[in-house]
Amino acid sequence: MCGVVGISTRDEDFIDTAIKQLRHRGPDGAGKYIDASISLGHTLLAITSDPKLGQQPYKTARGNILVYNGEIFNYEDLLTKYTQFKPHTTCDTELLAWGLDHYGMDFVNQIDSQHAFVYYDTQKQKLYLSRDHVGIKPLYYAEIKEGIVFASEIQPLRSKVTKSNIIDPVAHSSWSLLGVNFTRNTFYTGIKKIMPGECMVYDIPTKRLSQFSRFFATTNTRRQFDAEEFRSQVKDVCRKTIRGLRKTAIFLSGGLDSSMITYEIANMMPNVTAYSSKIEPCPVDKEDFNSDWRCGKELAEQLGIQHHTITCTPETWQDYLHLSVQSLEEPCYNSSLPMYYQTNRYMALDGVVVTIAGDMGDETLAGYKKYSQMPPISTYRELVAHWMKRLSQPPRVPCALTSDQLLKVLMTDVFDEAQYNPIDPVNSFMLLDITANCAADFFQRNDRFGMTHSMEGRFPLATKQWIEYTMSMESAEKYNGGMKLMSKQAYHDVLPHSIIHKPKTGWTAPHQQWCRQSPKSADVLRRHQPPEVRKYWNTKRESVMHQYYTWCQLQGMKHAPI
């Protein structure tokens, strides 16, 4: 991917500094555009064309300026549709710039992409800030004295936001009560994010920022499941998301989603490489933490593709703790962050530039028991309130908002009532996960850890095409007779029996089990642990609170109750 940055005034020094801070997002080139009203910067990670052809900021045929971080997966489809567009390169920046010039921001509705871009209309003196439909790529902003400042990451903005070392009470409340900050506010007071599917417009002369539009996925059950059609859809979204010239690899957890993606991509790209995580020592528990690894290894051998095992131990967990917390920028309720970071690092060391993962398969195909165990839901408010019960043990440290107050924030600024379909509340529930959990947790983690190592993450099961297809079928078809029913029926004859019939397990570092079963492991994991965390001794929250405290220290944050 790439890095974008800008400020609505002439400030070349800020752009130069930010480009250096974002260089890991784009090591293949850098550029800037400066005039009396605007300063824009860009760092380039070239994927689909020669770096010389993808340099930005990009000046359009009509004299407008575009800084773009993204990939358009229906690029070939749009070339067929818009025959009047005559490309000079294979770079999708050229197509996006043309479409915005000719159709305005409505063109965003035509693209199936992952993106974060800023389009500067030089005549109207307006900035349009846009983020893709499910928030795969990030875009942060802050309103300051000079106007507006924005970037792909939070750190470049902190020098312009005076209170950014104070934890925002709304973001902190979401993390405390739900485990993840799902709100528009970041943890850094004054710095906010463009929401998934949102387009904001900033008028430079009046310094007025407003929402231009926002896309929400919805459900409209009109289609019956057909195994052949299902396989065809998986194959098509995989084909579109492997577009590019750089070395590609797959996060092969060994579950159904990553396995069916690996199967299809391996048949199109025999030189693709797969990476799986192995737990060592593997604790004795009700869950076999290495069952997914064994399944992934078996599938890779069946397909004849190269497979790498990355071993996660208590020592590596501790080694990568600070790096993972610092890269993530905001704290998150996940004890496996060091393991995720380790996997990304090893992939980058092997020369991987594009990564593929099965994220959002569970959220579109009813991959969790919670979907089949939902209580009766009769209103939009009840749906969001039930969604807020997502964790049995959230951090629950002292915070500013009550659950009811946070509920109002989620109902008005995170979700939309159009996502509630009384005919199928389970599909509606999945849509909330798609809108919030995937963006704020899975995709944020992938973007931070991947881009720290100059790698672009892609997700076939997060495309508009896939979401529209799966949300056109009743939820009952997805879990009737067991979770992931459609995937199992469509791939039962090509995937190993062990994958089709294996109980669901998570891609998880067993921090709690290590601490409980091994004094040596417990000593390693609690190395440098602050006294404030000791009250969570040997509980599920221990590693999460340790990460939170570490984050507060690394980011120099004030007022961080624990």
# chains A, B, ... in the order shown; residues from 1 in each chain; ligands from 1
$ select_by_dssp --residues "segment 8-182 of chain A" --states "alpha helix (DSSP H)" --output "PyMOL selection string"
chain A and resi 12-21+75-81+92-103+155-158+169-178
$ closest_residue --among "A:Pro338, A:Gly54, A:Gly255, A:Gly6" --to "Val325 of chain A" --atoms "only C-alpha atoms"
A:Pro338
$ closest_residue --among "A:Ile136, A:Ala36, A:Val170, A:Met430" --to "Tyr368 of chain A" --atoms "only C-alpha atoms"
A:Met430
$ residues_around --residues "Thr379 of chain A" --least-positions-apart "6" --cutoff "10 Å" --atoms "only C-alpha atoms" --output "MDAnalysis selection string"
chainID A and resid 385 417 420:422 425
$ write_last_selection --atoms "C-alpha atoms" --output "short mmCIF file (atom, residue, chain, number, x, y, z; two decimals), in the first residue's frame"
data_model
loop_
_atom_site.label_atom_id
_atom_site.label_comp_id
_atom_site.auth_asym_id
_atom_site.auth_seq_id
_atom_site.Cartn_x
_atom_site.Cartn_y
_atom_site.Cartn_z
CA ALA A 385 -27.34 -3.55 22.78
CA GLU A 417 -30.56 1.61 11.34
CA TYR A 420 -31.26 -3.85 10.86
CA ASN A 421 -33.51 -6.22 8.94
CA PRO A 422 -36.32 -7.55 11.19
CA PRO A 425 -31.76 -10.25 12.69
#
$ closest_residue --among "A:Ile7, A:Val272, A:Leu432, A:Gly190" --to "Pro169 of chain A" --atoms "only C-alpha atoms"
A:Gly190
$ closest_residue --among "A:Gln513, A:Asn165, A:Ser372, A:Ser113" --to "Asp288 of chain A" --atoms "only C-alpha atoms"
A:Gln513
